[in-house]
file start.cif (mmCIF, C-alpha atoms)
data_upload
loop_
_atom_site.group_PDB
_atom_site.id
_atom_site.type_symbol
_atom_site.label_atom_id
_atom_site.label_comp_id
_atom_site.auth_asym_id
_atom_site.auth_seq_id
_atom_site.Cartn_x
_atom_site.Cartn_y
_atom_site.Cartn_z
ATOM 1 C CA MET A 14 -50.398 -36.511 87.809
ATOM 2 C CA ASN A 15 -47.831 -36.159 90.576
ATOM 3 C CA ARG A 16 -47.106 -32.919 92.470
ATOM 4 C CA LYS A 17 -43.871 -32.263 90.584
ATOM 5 C CA ASP A 18 -45.633 -32.439 87.229
ATOM 6 C CA PHE A 19 -48.472 -30.255 88.490
ATOM 7 C CA LEU A 20 -46.104 -27.527 89.684
ATOM 8 C CA LYS A 21 -44.249 -27.648 86.389
ATOM 9 C CA ILE A 22 -47.471 -27.075 84.465
ATOM 10 C CA ALA A 23 -48.920 -24.526 86.906
ATOM 11 C CA GLY A 24 -45.753 -22.447 87.000
ATOM 12 C CA ILE A 25 -43.777 -20.832 89.805
ATOM 13 C CA GLY A 26 -46.856 -19.116 91.238
ATOM 14 C CA ALA A 27 -48.341 -22.429 92.374
ATOM 15 C CA LEU A 28 -48.641 -22.657 96.145
ATOM 16 C CA SER A 29 -46.106 -24.878 97.848
ATOM 17 C CA VAL A 30 -47.223 -27.466 100.408
ATOM 18 C CA PRO A 31 -46.020 -25.211 103.297
ATOM 19 C CA ALA A 32 -48.066 -22.338 101.837
ATOM 20 C CA ILE A 33 -51.193 -24.508 101.821
ATOM 21 C CA ALA A 34 -50.511 -25.494 105.434
ATOM 22 C CA SER A 35 -50.195 -21.814 106.337
ATOM 23 C CA ILE A 36 -53.581 -21.034 104.794
ATOM 24 C CA GLN A 37 -55.118 -23.853 106.852
ATOM 25 C CA LYS A 38 -53.704 -22.261 110.016
ATOM 26 C CA LEU A 39 -54.997 -18.810 109.106
ATOM 27 C CA ASN A 40 -57.997 -18.929 111.441
ATOM 28 C CA GLU A 41 -55.601 -19.368 114.359
ATOM 29 C CA LEU A 42 -53.946 -16.046 113.583
ATOM 30 C CA SER A 43 -54.247 -13.307 116.206
ATOM 31 C CA LYS A 44 -57.541 -13.583 118.060
ATOM 32 C CA SER A 45 -57.609 -9.777 118.124
ATOM 33 C CA PHE A 46 -57.602 -9.590 114.303
ATOM 34 C CA SER A 47 -60.894 -10.120 112.555
ATOM 35 C CA SER A 48 -60.920 -11.146 108.911
ATOM 36 C CA THR A 49 -60.706 -8.211 106.497
ATOM 37 C CA SER A 50 -60.796 -7.527 102.804
ATOM 38 C CA LEU A 51 -57.541 -8.537 101.156
ATOM 39 C CA MET A 52 -54.843 -6.027 102.062
ATOM 40 C CA PRO A 53 -52.550 -4.798 99.273
ATOM 41 C CA VAL A 54 -48.831 -5.509 99.224
ATOM 42 C CA LEU A 55 -46.229 -2.819 98.586
ATOM 43 C CA PHE A 56 -42.654 -2.714 97.357
ATOM 44 C CA LEU A 57 -41.272 0.722 98.221
ATOM 45 C CA GLY A 58 -38.032 2.068 96.772
ATOM 46 C CA HIS A 59 -36.680 3.756 99.888
ATOM 47 C CA GLY A 60 -33.522 5.381 98.509
ATOM 48 C CA SER A 61 -31.684 7.822 100.759
ATOM 49 C CA PRO A 62 -32.433 7.943 104.507
ATOM 50 C CA MET A 63 -33.135 11.646 103.920
ATOM 51 C CA ASN A 64 -36.494 10.608 102.524
ATOM 52 C CA GLY A 65 -37.404 10.134 106.166
ATOM 53 C CA ILE A 66 -37.559 13.910 106.687
ATOM 54 C CA GLU A 67 -37.879 15.394 103.205
ATOM 55 C CA ASP A 68 -41.130 16.170 101.412
ATOM 56 C CA ASN A 69 -40.134 15.301 97.861
ATOM 57 C CA GLU A 70 -42.000 13.601 95.025
ATOM 58 C CA PHE A 71 -41.250 10.118 96.363
ATOM 59 C CA VAL A 72 -42.503 10.949 99.831
ATOM 60 C CA GLN A 73 -45.624 12.540 98.359
ATOM 61 C CA SER A 74 -46.371 9.289 96.544
ATOM 62 C CA PHE A 75 -45.964 7.293 99.765
ATOM 63 C CA LYS A 76 -48.415 9.628 101.508
ATOM 64 C CA LYS A 77 -50.960 9.272 98.711
ATOM 65 C CA ILE A 78 -50.710 5.477 98.814
ATOM 66 C CA GLY A 79 -51.270 5.532 102.584
ATOM 67 C CA LYS A 80 -54.472 7.555 102.168
ATOM 68 C CA ARG A 81 -55.838 5.137 99.576
ATOM 69 C CA MET A 82 -55.515 2.017 101.735
ATOM 70 C CA GLU A 83 -57.777 0.609 104.378
ATOM 71 C CA LYS A 84 -56.131 1.090 107.776
ATOM 72 C CA PRO A 85 -54.333 -2.181 108.551
ATOM 73 C CA ASN A 86 -54.379 -4.101 111.818
ATOM 74 C CA ALA A 87 -50.587 -4.366 111.656
ATOM 75 C CA ILE A 88 -47.671 -3.905 109.254
ATOM 76 C CA LEU A 89 -44.975 -6.448 108.439
ATOM 77 C CA VAL A 90 -41.881 -4.988 106.772
ATOM 78 C CA VAL A 91 -39.100 -6.879 105.003
ATOM 79 C CA SER A 92 -36.265 -4.336 104.875
ATOM 80 C CA ALA A 93 -33.022 -4.472 102.927
ATOM 81 C CA HIS A 94 -31.208 -3.350 106.063
ATOM 82 C CA TRP A 95 -31.743 -6.379 108.273
ATOM 83 C CA GLU A 96 -29.773 -9.403 107.100
ATOM 84 C CA THR A 97 -29.305 -12.363 109.427
ATOM 85 C CA ASN A 98 -28.376 -16.026 109.553
ATOM 86 C CA GLY A 99 -31.850 -17.450 109.922
ATOM 87 C CA THR A 100 -35.203 -15.705 109.507
ATOM 88 C CA TYR A 101 -36.198 -13.499 112.438
ATOM 89 C CA VAL A 102 -39.242 -11.405 113.292
ATOM 90 C CA THR A 103 -39.173 -8.600 115.838
ATOM 91 C CA ALA A 104 -41.167 -9.555 118.928
ATOM 92 C CA MET A 105 -40.764 -6.624 121.312
ATOM 93 C CA GLU A 106 -43.559 -4.431 122.683
ATOM 94 C CA ASN A 107 -41.880 -1.170 121.694
ATOM 95 C CA PRO A 108 -39.359 -1.478 118.829
ATOM 96 C CA ARG A 109 -36.691 1.209 118.863
ATOM 97 C CA THR A 110 -36.095 3.575 115.956
ATOM 98 C CA ILE A 111 -32.717 2.554 114.517
ATOM 99 C CA HIS A 112 -30.535 5.191 112.862
ATOM 100 C CA ASP A 113 -28.369 2.774 110.888
ATOM 101 C CA PHE A 114 -26.496 5.293 108.739
ATOM 102 C CA GLY A 115 -23.824 7.952 109.038
ATOM 103 C CA GLY A 116 -22.973 11.417 107.783
ATOM 104 C CA PHE A 117 -26.464 12.894 107.672
ATOM 105 C CA PRO A 118 -27.915 16.044 109.290
ATOM 106 C CA LYS A 119 -28.674 16.019 113.001
ATOM 107 C CA ALA A 120 -32.386 16.380 112.330
ATOM 108 C CA LEU A 121 -32.492 12.908 110.773
ATOM 109 C CA TYR A 122 -30.994 11.298 113.896
ATOM 110 C CA GLU A 123 -33.571 13.004 116.066
ATOM 111 C CA VAL A 124 -36.510 11.345 114.302
ATOM 112 C CA LYS A 125 -38.391 8.753 116.320
ATOM 113 C CA TYR A 126 -41.154 6.560 114.966
ATOM 114 C CA PRO A 127 -42.724 5.176 118.152
ATOM 115 C CA ALA A 128 -45.065 2.627 116.598
ATOM 116 C CA PRO A 129 -45.836 -0.287 118.913
ATOM 117 C CA GLY A 130 -44.700 -3.798 118.175
ATOM 118 C CA HIS A 131 -46.916 -6.867 118.315
ATOM 119 C CA PRO A 132 -45.252 -9.810 120.118
ATOM 120 C CA GLU A 133 -48.387 -11.955 119.797
ATOM 121 C CA LEU A 134 -48.472 -11.539 116.027
ATOM 122 C CA ALA A 135 -44.757 -12.339 115.830
ATOM 123 C CA LYS A 136 -45.348 -15.594 117.730
ATOM 124 C CA GLU A 137 -48.293 -16.466 115.510
ATOM 125 C CA ILE A 138 -46.201 -15.879 112.390
ATOM 126 C CA GLN A 139 -43.632 -18.224 113.888
ATOM 127 C CA GLU A 140 -46.355 -20.867 114.120
ATOM 128 C CA LEU A 141 -47.831 -20.004 110.725
ATOM 129 C CA ILE A 142 -44.660 -20.518 108.675
ATOM 130 C CA GLN A 143 -43.791 -24.110 107.832
ATOM 131 C CA PRO A 144 -41.728 -26.109 108.340
ATOM 132 C CA LYS A 145 -41.866 -25.433 112.068
ATOM 133 C CA GLY A 146 -38.789 -23.640 113.346
ATOM 134 C CA THR A 147 -38.295 -21.658 110.146
ATOM 135 C CA VAL A 148 -38.903 -18.329 111.896
ATOM 136 C CA LEU A 149 -37.092 -17.180 115.049
ATOM 137 C CA LEU A 150 -38.145 -14.429 117.457
ATOM 138 C CA ASP A 151 -36.056 -11.355 118.255
ATOM 139 C CA ASP A 152 -37.437 -9.689 121.383
ATOM 140 C CA HIS A 153 -34.586 -7.283 122.189
ATOM 141 C CA GLU A 154 -31.853 -6.841 119.529
ATOM 142 C CA TRP A 155 -33.405 -5.077 116.535
ATOM 143 C CA GLY A 156 -36.313 -2.685 116.079
ATOM 144 C CA LEU A 157 -37.273 -0.559 113.068
ATOM 145 C CA ASP A 158 -34.324 0.233 110.794
ATOM 146 C CA HIS A 159 -34.349 3.070 108.273
ATOM 147 C CA GLY A 160 -35.574 0.782 105.502
ATOM 148 C CA SER A 161 -38.711 0.471 107.587
ATOM 149 C CA TRP A 162 -39.437 3.712 109.432
ATOM 150 C CA THR A 163 -38.411 6.178 106.694
ATOM 151 C CA VAL A 164 -41.212 4.842 104.487
ATOM 152 C CA VAL A 165 -43.847 3.640 106.969
ATOM 153 C CA LYS A 166 -43.898 7.013 108.714
ATOM 154 C CA HIS A 167 -45.204 8.569 105.501
ATOM 155 C CA LEU A 168 -47.891 5.921 105.076
ATOM 156 C CA TYR A 169 -49.068 6.270 108.687
ATOM 157 C CA PRO A 170 -47.566 9.350 110.356
ATOM 158 C CA ASN A 171 -49.430 8.868 113.646
ATOM 159 C CA ALA A 172 -47.387 5.742 114.476
ATOM 160 C CA ASP A 173 -50.567 4.145 115.820
ATOM 161 C CA ILE A 174 -50.353 0.829 113.931
ATOM 162 C CA PRO A 175 -48.201 -2.060 115.208
ATOM 163 C CA VAL A 176 -45.106 -2.639 113.059
ATOM 164 C CA ILE A 177 -42.918 -5.713 113.035
ATOM 165 C CA GLN A 178 -39.973 -6.543 110.784
ATOM 166 C CA MET A 179 -38.881 -9.789 109.203
ATOM 167 C CA SER A 180 -35.200 -10.229 108.450
ATOM 168 C CA ILE A 181 -33.623 -11.404 105.223
ATOM 169 C CA ASP A 182 -31.910 -14.750 105.790
ATOM 170 C CA ARG A 183 -28.718 -14.474 103.776
ATOM 171 C CA ASN A 184 -28.566 -18.280 103.520
ATOM 172 C CA LEU A 185 -31.807 -18.638 101.554
ATOM 173 C CA SER A 186 -32.016 -18.753 97.775
ATOM 174 C CA PRO A 187 -34.217 -16.277 95.869
ATOM 175 C CA LEU A 188 -36.746 -19.081 95.363
ATOM 176 C CA ASP A 189 -36.722 -19.810 99.097
ATOM 177 C CA HIS A 190 -37.562 -16.173 99.827
ATOM 178 C CA TYR A 191 -40.343 -16.207 97.237
ATOM 179 C CA GLN A 192 -41.873 -19.366 98.684
ATOM 180 C CA LEU A 193 -41.671 -17.985 102.218
ATOM 181 C CA ALA A 194 -43.615 -14.978 100.951
ATOM 182 C CA GLN A 195 -46.281 -17.311 99.563
ATOM 183 C CA GLN A 196 -46.950 -18.387 103.115
ATOM 184 C CA LEU A 197 -46.976 -14.805 104.399
ATOM 185 C CA SER A 198 -49.736 -14.000 101.915
ATOM 186 C CA ALA A 199 -52.207 -15.567 104.349
ATOM 187 C CA LEU A 200 -51.679 -12.537 106.610
ATOM 188 C CA ARG A 201 -53.341 -10.280 104.051
ATOM 189 C CA LYS A 202 -56.764 -11.697 104.994
ATOM 190 C CA LYS A 203 -56.221 -10.621 108.595
ATOM 191 C CA GLY A 204 -55.548 -6.993 107.834
ATOM 192 C CA VAL A 205 -51.748 -7.216 107.838
ATOM 193 C CA LEU A 206 -50.048 -4.919 105.330
ATOM 194 C CA LEU A 207 -46.937 -6.491 103.786
ATOM 195 C CA VAL A 208 -44.220 -4.010 102.802
ATOM 196 C CA GLY A 209 -40.971 -4.809 101.035
ATOM 197 C CA SER A 210 -38.480 -1.957 101.316
ATOM 198 C CA GLY A 211 -35.411 -1.788 99.096
ATOM 199 C CA ASN A 212 -34.473 -0.692 95.563
ATOM 200 C CA ASN A 213 -34.766 -2.908 92.511
ATOM 201 C CA VAL A 214 -31.677 -1.265 90.945
ATOM 202 C CA HIS A 215 -29.093 -0.429 93.614
ATOM 203 C CA ASN A 216 -25.374 -0.082 92.866
ATOM 204 C CA LEU A 217 -23.850 2.585 95.104
ATOM 205 C CA ARG A 218 -20.313 1.823 93.915
ATOM 206 C CA ARG A 219 -21.155 3.099 90.438
ATOM 207 C CA ILE A 220 -23.370 6.006 91.400
ATOM 208 C CA ALA A 221 -22.800 9.391 89.748
ATOM 209 C CA TRP A 222 -23.173 11.654 92.776
ATOM 210 C CA ASP A 223 -23.243 14.769 90.593
ATOM 211 C CA LYS A 224 -26.449 13.470 88.983
ATOM 212 C CA MET A 225 -28.358 12.552 92.131
ATOM 213 C CA ASN A 226 -30.859 15.333 91.506
ATOM 214 C CA ASP A 227 -31.321 14.455 87.834
ATOM 215 C CA TYR A 228 -33.592 11.995 86.070
ATOM 216 C CA TYR A 229 -30.631 9.932 84.903
ATOM 217 C CA GLY A 230 -29.868 6.236 84.565
ATOM 218 C CA PHE A 231 -27.015 4.338 82.992
ATOM 219 C CA ASP A 232 -28.041 2.208 80.013
ATOM 220 C CA TRP A 233 -27.692 -1.021 81.984
ATOM 221 C CA ALA A 234 -29.799 0.331 84.875
ATOM 222 C CA LEU A 235 -32.554 1.429 82.511
ATOM 223 C CA GLU A 236 -32.453 -1.925 80.711
ATOM 224 C CA ALA A 237 -32.766 -3.941 83.922
ATOM 225 C CA ASN A 238 -35.480 -1.690 85.325
ATOM 226 C CA SER A 239 -37.463 -1.899 82.089
ATOM 227 C CA LYS A 240 -37.329 -5.701 81.996
ATOM 228 C CA MET A 241 -38.262 -5.964 85.664
ATOM 229 C CA LYS A 242 -41.330 -3.778 85.155
ATOM 230 C CA LYS A 243 -42.380 -5.766 82.093
ATOM 231 C CA TRP A 244 -42.178 -9.077 83.955
ATOM 232 C CA ILE A 245 -43.940 -7.655 87.014
ATOM 233 C CA LYS A 246 -46.832 -6.423 84.867
ATOM 234 C CA GLU A 247 -46.993 -9.782 83.069
ATOM 235 C CA GLU A 248 -46.940 -11.668 86.405
ATOM 236 C CA ASN A 249 -43.937 -13.506 84.991
ATOM 237 C CA HIS A 250 -42.030 -14.152 88.197
ATOM 238 C CA GLN A 251 -39.675 -16.871 86.982
ATOM 239 C CA PRO A 252 -37.028 -14.535 85.444
ATOM 240 C CA LEU A 253 -37.320 -12.204 88.428
ATOM 241 C CA ILE A 254 -36.532 -15.075 90.774
ATOM 242 C CA ASN A 255 -33.716 -16.215 88.473
ATOM 243 C CA PHE A 256 -32.290 -12.712 88.168
ATOM 244 C CA ARG A 257 -28.723 -14.037 88.131
ATOM 245 C CA LYS A 258 -29.449 -15.600 84.738
ATOM 246 C CA GLN A 259 -30.601 -12.356 83.088
ATOM 247 C CA GLY A 260 -27.264 -10.977 81.927
ATOM 248 C CA VAL A 261 -24.814 -8.157 82.583
ATOM 249 C CA ALA A 262 -27.413 -5.420 83.091
ATOM 250 C CA PHE A 263 -28.903 -7.353 86.011
ATOM 251 C CA ASP A 264 -25.490 -8.182 87.462
ATOM 252 C CA LEU A 265 -24.601 -4.488 87.487
ATOM 253 C CA SER A 266 -27.994 -3.465 88.832
ATOM 254 C CA ILE A 267 -27.978 -6.060 91.618
ATOM 255 C CA PRO A 268 -24.334 -6.396 92.737
ATOM 256 C CA THR A 269 -25.586 -7.504 96.161
ATOM 257 C CA THR A 270 -29.032 -8.945 96.768
ATOM 258 C CA GLU A 271 -30.317 -7.294 99.949
ATOM 259 C CA HIS A 272 -32.105 -4.370 98.245
ATOM 260 C CA TYR A 273 -33.648 -6.619 95.591
ATOM 261 C CA ILE A 274 -34.908 -9.512 97.743
ATOM 262 C CA PRO A 275 -37.755 -7.462 99.344
ATOM 263 C CA LEU A 276 -39.317 -7.269 95.857
ATOM 264 C CA LEU A 277 -39.528 -11.067 95.764
ATOM 265 C CA TYR A 278 -41.461 -11.044 99.049
ATOM 266 C CA ILE A 279 -44.099 -8.811 97.515
ATOM 267 C CA LEU A 280 -44.327 -10.867 94.323
ATOM 268 C CA GLY A 281 -44.560 -14.094 96.310
ATOM 269 C CA ALA A 282 -47.509 -12.716 98.273
ATOM 270 C CA GLN A 283 -49.368 -11.731 95.094
ATOM 271 C CA ASN A 284 -52.526 -13.467 93.934
ATOM 272 C CA LYS A 285 -52.964 -14.076 90.238
ATOM 273 C CA GLY A 286 -54.873 -11.358 88.424
ATOM 274 C CA GLU A 287 -54.514 -8.623 91.040
ATOM 275 C CA SER A 288 -54.076 -5.006 90.000
ATOM 276 C CA ILE A 289 -50.478 -3.879 89.577
ATOM 277 C CA GLU A 290 -49.471 -0.251 89.922
ATOM 278 C CA ILE A 291 -45.927 1.038 89.366
ATOM 279 C CA PHE A 292 -45.033 4.460 90.754
ATOM 280 C CA ASN A 293 -41.980 6.559 91.718
ATOM 281 C CA ASP A 294 -40.400 5.055 88.615
ATOM 282 C CA LYS A 295 -37.379 7.326 88.454
ATOM 283 C CA PRO A 296 -33.617 6.632 88.108
ATOM 284 C CA LEU A 297 -31.210 8.669 90.210
ATOM 285 C CA GLY A 298 -27.447 9.032 89.965
ATOM 286 C CA GLY A 299 -27.241 6.572 87.094
ATOM 287 C CA SER A 300 -27.298 3.402 89.162
ATOM 288 C CA LEU A 301 -30.268 3.704 91.506
ATOM 289 C CA THR A 302 -34.004 3.493 90.827
ATOM 290 C CA MET A 303 -36.851 4.487 93.141
ATOM 291 C CA THR A 304 -39.316 2.226 91.315
ATOM 292 C CA SER A 305 -42.127 1.115 93.624
ATOM 293 C CA VAL A 306 -44.969 -1.355 93.173
ATOM 294 C CA ALA A 307 -48.455 -1.574 94.677
ATOM 295 C CA ILE A 308 -50.340 -4.844 94.172
ATOM 296 C CA GLY A 309 -54.024 -5.231 94.919
ATOM 297 C CA LEU A 310 -54.558 -1.570 95.797
#

call {"tool": "encode", "arguments": {"input": "start.cif", "output": "structure tokens"}}
result
Amino acid sequence: MNRKDFLKIAGIGALSVPAIASIQKLNELSKSFSSTSLMPVLFLGHGSPMNGIEDNEFVQSFKKIGKRMEKPNAILVVSAHWETNGTYVTAMENPRTIHDFGGFPKALYEVKYPAPGHPELAKEIQELIQPKGTVLLDDHEWGLDHGSWTVVKHLYPNADIPVIQMSIDRNLSPLDHYQLAQQLSALRKKGVLLVGSGNNVHNLRRIAWDKMNDYYGFDWALEANSKMKKWIKEENHQPLINFRKQGVAFDLSIPTTEHYIPLLYILGAQNKGESIEIFNDKPLGGSLTMTSVAIGL
């Protein structure tokens, strides 16, 4: 049986050749990181930047999740708010807190999340991901955008765990992102917490602002969210990768891909048979959902 036939039978979750190479390089990962139990992976619906300073039901769930996890050696975040040409990881000692939004209260702009970076880990990820040259280092431009710090600060409020971000390469296909995540899954054995931050249903152009405080979703948003949850629970990743083939409800729910792609990073890093927990499963304003997923918790 050739590799193509094997992958066809095994399904989309089968490890790619680069993913296998990454696992073989795992022991070279950060000399300061000892092997740990398998860290969970999280997809967090981050919603409004105001969640960075509010203490609402979504924030309370983030805090509870943080208390349930083993303290990680480092955190790698894939945020909807860092799109690039090429895949980058932050590689600075002290990433800045980025306030990449407008029109919010002064208190939100005053928030700092002074978590350290981890340049050595960034370099090791660059070596880990195959083919070589796939990942580029950013040692001065970016930092921690609001897709990252507004959620991580609730998981670990002391800002005492190194945090690095990986960008979303706008030139990659959904399958490419998923397969890149398969390689990142090796980090879980070294105590690195993988976090995808976005929203699985995110259409701000159609939002009903007068219903932002209500449990309310348009029919198409509820349909797409329901199907996504079903496939996530079934570990059926193929239709989630091929979301552009799932009809009008998905097209309306995902008009642009940047808030959805972080979900694929979490699914790609999943091992078969792991526990799956869905929380914060609430629609807001008709066209936004805060649905979050914890795998392996």

call {"tool": "residues_around", "arguments": {"input": "start.cif", "residues": "Met63 of chain A", "least_positions_apart": "5", "cutoff": "12 Å", "atoms": "all atoms listed in the file", "output": "PyMOL selection string"}}
result
chain A and resi 68-69+71-72+112+114-122+124+159-160+162-164

call {"tool": "atom_distance", "arguments": {"input": "start.cif", "atom1": "atom CA of Gly299 of chain A", "atom2": "atom CA of Leu55 of chain A"}}
result
24.1 Å

call {"tool": "resolve_selection", "arguments": {"input": "start.cif", "expression": "the PyMOL selection byres ((chain A and resi 202-213) around 7)", "output": "mmCIF file with C-alpha atoms, in the frame of the given file"}}
result
data_model
loop_
_atom_site.group_PDB
_atom_site.id
_atom_site.type_symbol
_atom_site.label_atom_id
_atom_site.label_comp_id
_atom_site.auth_asym_id
_atom_site.auth_seq_id
_atom_site.Cartn_x
_atom_site.Cartn_y
_atom_site.Cartn_z
ATOM 1 C CA PHE A 46 -57.602 -9.590 114.303
ATOM 2 C CA SER A 47 -60.894 -10.120 112.555
ATOM 3 C CA SER A 48 -60.920 -11.146 108.911
ATOM 4 C CA THR A 49 -60.706 -8.211 106.497
ATOM 5 C CA SER A 50 -60.796 -7.527 102.804
ATOM 6 C CA LEU A 51 -57.541 -8.537 101.156
ATOM 7 C CA MET A 52 -54.843 -6.027 102.062
ATOM 8 C CA PRO A 53 -52.550 -4.798 99.273
ATOM 9 C CA VAL A 54 -48.831 -5.509 99.224
ATOM 10 C CA LEU A 55 -46.229 -2.819 98.586
ATOM 11 C CA PHE A 56 -42.654 -2.714 97.357
ATOM 12 C CA LEU A 57 -41.272 0.722 98.221
ATOM 13 C CA GLY A 58 -38.032 2.068 96.772
ATOM 14 C CA HIS A 59 -36.680 3.756 99.888
ATOM 15 C CA GLY A 60 -33.522 5.381 98.509
ATOM 16 C CA PRO A 85 -54.333 -2.181 108.551
ATOM 17 C CA ASN A 86 -54.379 -4.101 111.818
ATOM 18 C CA ALA A 87 -50.587 -4.366 111.656
ATOM 19 C CA ILE A 88 -47.671 -3.905 109.254
ATOM 20 C CA LEU A 89 -44.975 -6.448 108.439
ATOM 21 C CA VAL A 90 -41.881 -4.988 106.772
ATOM 22 C CA VAL A 91 -39.100 -6.879 105.003
ATOM 23 C CA SER A 92 -36.265 -4.336 104.875
ATOM 24 C CA ALA A 93 -33.022 -4.472 102.927
ATOM 25 C CA GLY A 160 -35.574 0.782 105.502
ATOM 26 C CA SER A 161 -38.711 0.471 107.587
ATOM 27 C CA ALA A 199 -52.207 -15.567 104.349
ATOM 28 C CA LEU A 200 -51.679 -12.537 106.610
ATOM 29 C CA ARG A 201 -53.341 -10.280 104.051
ATOM 30 C CA VAL A 214 -31.677 -1.265 90.945
ATOM 31 C CA HIS A 215 -29.093 -0.429 93.614
ATOM 32 C CA HIS A 272 -32.105 -4.370 98.245
ATOM 33 C CA TYR A 273 -33.648 -6.619 95.591
ATOM 34 C CA PRO A 275 -37.755 -7.462 99.344
ATOM 35 C CA LEU A 276 -39.317 -7.269 95.857
ATOM 36 C CA TYR A 278 -41.461 -11.044 99.049
ATOM 37 C CA ILE A 279 -44.099 -8.811 97.515
ATOM 38 C CA THR A 302 -34.004 3.493 90.827
ATOM 39 C CA MET A 303 -36.851 4.487 93.141
ATOM 40 C CA THR A 304 -39.316 2.226 91.315
#

call {"tool": "atom_distance", "arguments": {"input": "start.cif", "atom1": "atom CA of Ile174 of chain A", "atom2": "atom CA of Asn98 of chain A"}}
result
28.0 Å

call {"tool": "residues_around", "arguments": {"input": "start.cif", "residues": "Phe263 of chain A", "least_positions_apart": "2", "cutoff": "9 Å", "atoms": "only C-alpha atoms", "output": "PyMOL selection string"}}
result
chain A and resi 214+233-234+236-238+256-261+265-268

call {"tool": "closest_residue", "arguments": {"input": "start.cif", "among": "A:Gln178, A:Ser186, A:Ser61, A:Gln283", "to": "Asn249 of chain A", "atoms": "only C-alpha atoms"}}
result
A:Gln283

call {"tool": "closest_residue", "arguments": {"input": "start.cif", "among": "A:Ala262, A:Leu280, A:Leu217, A:Ile111", "to": "Tyr126 of chain A", "atoms": "only C-alpha atoms"}}
result
A:Ile111

call {"tool": "residues_near_point", "arguments": {"input": "start.cif", "point": "(-54.4, 6.6, 94.0)", "cutoff": "12 Å", "atoms": "only C-alpha atoms", "output": "list in words"}}
result
Gln73, Ser74, Phe75, Lys76, Lys77, Ile78, Gly79, Lys80, Arg81, Met82, Glu290, Ile291, Phe292, Ala307, Gly309 and Leu310 of chain A

call {"tool": "resolve_selection", "arguments": {"input": "start.cif", "expression": "the PyMOL selection byres ((chain A and resi 130) around 9)", "output": "list of chain:residue names"}}
result
A:Ala87, A:Thr103, A:Ala104, A:Met105, A:Glu106, A:Asn107, A:Pro108, A:Ala128, A:Pro129, A:His131, A:Pro132, A:Leu134, A:Ala135, A:Gly156, A:Ile174, A:Pro175, A:Val176, A:Ile177

call {"tool": "atom_distance", "arguments": {"input": "start.cif", "atom1": "atom CA of Leu157 of chain A", "atom2": "atom CA of His190 of chain A"}}
result
20.5 Å

call {"tool": "closest_residue", "arguments": {"input": "start.cif", "among": "A:Asn171, A:Thr100, A:Ser198, A:Asn184", "to": "Leu150 of chain A", "atoms": "only C-alpha atoms"}}
result
A:Thr100

call {"tool": "resolve_selection", "arguments": {"input": "start.cif", "expression": "the PyMOL selection byres ((chain A and resi 138) around 9)", "output": "JSON, numbers by chain"}}
result
{"A": [42, 102, 133, 134, 135, 136, 137, 139, 140, 141, 142, 148, 197, 200]}

call {"tool": "closest_residue", "arguments": {"input": "start.cif", "among": "A:His153, A:Arg109, A:Lys224, A:Lys242", "to": "Pro296 of chain A", "atoms": "only C-alpha atoms"}}
result
A:Lys224

call {"tool": "closest_residue", "arguments": {"input": "start.cif", "among": "A:Met241, A:Pro187, A:Asn284, A:Glu271", "to": "Val306 of chain A", "atoms": "all atoms listed in the file"}}
result
A:Met241

call {"tool": "closest_residue", "arguments": {"input": "start.cif", "among": "A:Leu188, A:Trp95, A:Pro252, A:Gln196", "to": "Asp113 of chain A", "atoms": "all atoms listed in the file"}}
result
A:Trp95

call {"tool": "residues_around", "arguments": {"input": "start.cif", "residues": "Gly286 of chain A", "least_positions_apart": "5", "cutoff": "12 Å", "atoms": "only C-alpha atoms", "output": "list in words"}}
result
Gly26, Ile245, Lys246, Glu247, Glu248, Asn249, Ile308 and Gly309 of chain A
